[in-house]
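In what follows, a single structure is set out as structure tokens and then discussed.
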Amino acid sequence: MAKMGRPGMSDEMKADLWRRWRAGESISVISRQLGKPPGSVFTVLKHHGGIAPGSRKARAGSLTLGEREEISRGLCAGQSYRSLAALLGRAVSTISREVGNNGGRDAYRAIAAQEKALDRARRPKQCLLAREPVLRQTVLTLLKEEWSPEQIVGHLRLHHGDDPNMQITHETIYRSIYTTRWKVVPRELCKRLRTGRPIRKNKRHTVKGQWRSQIIDARPIDERPQAAEDRSEPGHLGGDLVIGSNNSQVATLVDRQTRFLTVVKLASRHTAVVIPALADTYERMDSRLRATLTWDRGMELAGHKGLTAATGVDVFFAAPRSPWQRGTNENTNKLLRQYLPKGTNLSTFSQDDLDAIVTKLNNRPRKCLGFRTPAESVALTG
């Protein structure tokens with residue numbers, strides 16, 4: 001019986017493979033544990049898009065493995081179909097079909113017959129996107145706009161909540177994207193997702209912070225206004241650098257309440273360059289977004305007093321090795337990486353290029369905003 005992956009991948013081995021994958025083990029670790037090449041592991045995972053398949057079940061009333069073993073032993077002993085039928089309490093025609101469909105008297109084997117029966121018993125239901133062409137076209141259109149499945153679902157619930165034919169879960173969209181053998185979502189749309197992964201993956205990774213140099217008169221995040229902490233008003237921004245290749249970088253500024261993003265082109269990460277660039281950006285920024293700025297411990301903001309003097313914006317600093325204190329900024333930087341992947345030379349992007357990317361992100365709905373866009377959220381602040 002041919003098996004998915006390279007020869008020798010038993011059902012028990014596949015079950016162990018999927019158990020380890022769900023636990024977050026990497027392909028290389030699974031490969032070593034199973035004693036199989038990484039390509040064999042990936043082939044099994046890719047066939048199902050990295051999503052563990054459900055167990056196969058035979059139809060009610062079908063012959064069991066035990067009954068097939070009785071048939072196999074009886075045939076070896078020379079028993080007739082009629083005597084085997086009487087022994088198992090089955091119709092003679094059932095025994096005859098079973099043996100005839102699995103090689104005849106001389107070639108019948110219980111295990112092979114059981115596997116063939118399970119394969120024939122699979123009647124996969126057509127997925128939702130295949131059954132609903134209007135819904136499928138809407139999802140495909142939004143995927144092409146780089147919307148995430150969760151954003152698409154939120155948008156549909158917000159604007160088509162009264163139409164049951166336009167409802168879907170984000171997990172169903174992910175399954176349709178990653179299970180390419182279904183041929184429901186074009187293969188190239190996998191690359192439109194932020195991660196660009198070819199298969200579904202568990203998130204089991206941690207990120208460790210780095211120690212940063214000391215900044216003179218740095219005001220700690222604990223002194224930040226309560227409105228910044230509880231997101232009760234706009235204007236409290238988080239800032240950071242996104243680093244590219246060839247010593248390139250851009251600065252990101254994200255409003256904690258509305259998630260409105262601003263990206264600033266920088267020629268250098270030296271504080272003598274960063275502070276004037278940020279000050280110029282603040283001069284052009286919506287007045288509703290000019291209250292405070294929270295940065296990490298990067299020395300690019302060592303001249304923070306100059307920024308405060310030029311803009312009137314109070315600057316605060318997160319604790320060392322504590323990226324979670326600036327979670328909004330960290331998360332937004334990950335979204336930005338969809339357009340500015342690691343290893344990209346950011347100096348090749350003009351400010352107009354960066355503004356075009358920012359416009360896309362500020363007009364994509366966010367779950368945390370009730371699936372409104374950051375731009376809409378700023379407009380609603382009045």
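By order of appearance in the structure tokens: chains A, B, ..., then residues from 1 within every chain, and ligands from 1 in the order shown.
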
Query raised in the report: If you count only C-alpha atoms, which residues fall within 12 Å of Pro198 (chain A), apart from same-chain ones fewer than 6 positions away, as JSON, numbers by chain?
Result: {"A": [42, 43, 45, 46, 47, 48, 49, 50, 51, 174, 175, 177, 178, 179, 180, 187, 188, 189, 190, 191, 192]}

Requested in this report: With a distance cut-off of 10 Å and only C-alpha atoms, select the neighbouring residues of Met13 (chain A), excluding the residue or stretch itself and same-chain residues fewer than 5 positions from it, and output the selection as JSON, numbers by chain.
Outcome: {"A": [8, 18, 19, 34, 36]}

Closest-contact table, region 113-151 of chain A side, partner region 354-368 of chain A, 10 Å, counting only C-alpha atoms, as JSON lines:
```
{"residue": "A:Glu145", "atom": "CA", "partner": "A:Lys360", "partner_atom": "CA", "distance": 8.7}
{"residue": "A:Glu146", "atom": "CA", "partner": "A:Arg364", "partner_atom": "CA", "distance": 8.7}
{"residue": "A:Trp147", "atom": "CA", "partner": "A:Arg364", "partner_atom": "CA", "distance": 6.8}
{"residue": "A:Ser148", "atom": "CA", "partner": "A:Arg364", "partner_atom": "CA", "distance": 9.1}
{"residue": "A:Glu150", "atom": "CA", "partner": "A:Lys367", "partner_atom": "CA", "distance": 7.5}
{"residue": "A:Gln151", "atom": "CA", "partner": "A:Pro365", "partner_atom": "CA", "distance": 5.9}
```

Same residues, C-alpha atoms, saved as a PDB file, in the first residue's frame:
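See result19.pdb below for the written result:
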```
ATOM      1  CA  GLU A 145      -5.089  43.092  -0.349  1.00  0.00           C
ATOM      2  CA  GLU A 146      -2.907  41.413   2.317  1.00  0.00           C
ATOM      3  CA  TRP A 147      -5.722  41.191   4.863  1.00  0.00           C
ATOM      4  CA  SER A 148      -5.295  38.459   7.445  1.00  0.00           C
ATOM      5  CA  GLU A 150      -9.032  37.129  11.135  1.00  0.00           C
ATOM      6  CA  GLN A 151      -9.428  40.613   9.661  1.00  0.00           C
TER       7      GLN A 151
END
```

Query raised in the report: Among region 258-290 of chain A, which ones does DSSP place in strand (DSSP E), written as a list in words?
Result: Leu261, Thr262, Val263, Val264, Lys265 and Leu266 of chain A

**Report entry** Near-Lys334 (chain A) list (12 Å; only C-alpha atoms; drop same-chain fewer than 3 positions) as a PyMOL selection string
**Finding:** chain A and resi 194-195+240-243+252+327-331+337-342+361

Query - Test item: residues at most 6 Å from Pro374 (chain A), only C-alpha atoms, excluding those fewer than 4 positions along its chain, as a list in words - result: Thr258, Arg259, Phe260 and Asn362 of chain A

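One finds CA of Met285 (chain A) at 10.3 Å from CA of Gly235 (chain A).
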
**Report entry** helix (DSSP H, G or I) positions in region 32-136 of chain A, given as a ChimeraX atom specification
**Finding:** /A:32-34,38-47,65-76,81-88,92-100,104-107,110-121,128-131,133-136

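Checking A:Ala85, A:Ala318, A:Leu266, A:Leu261 one by one against Thr373 (chain A), counting only C-alpha atoms, you find the shortest gap at A:Leu261.
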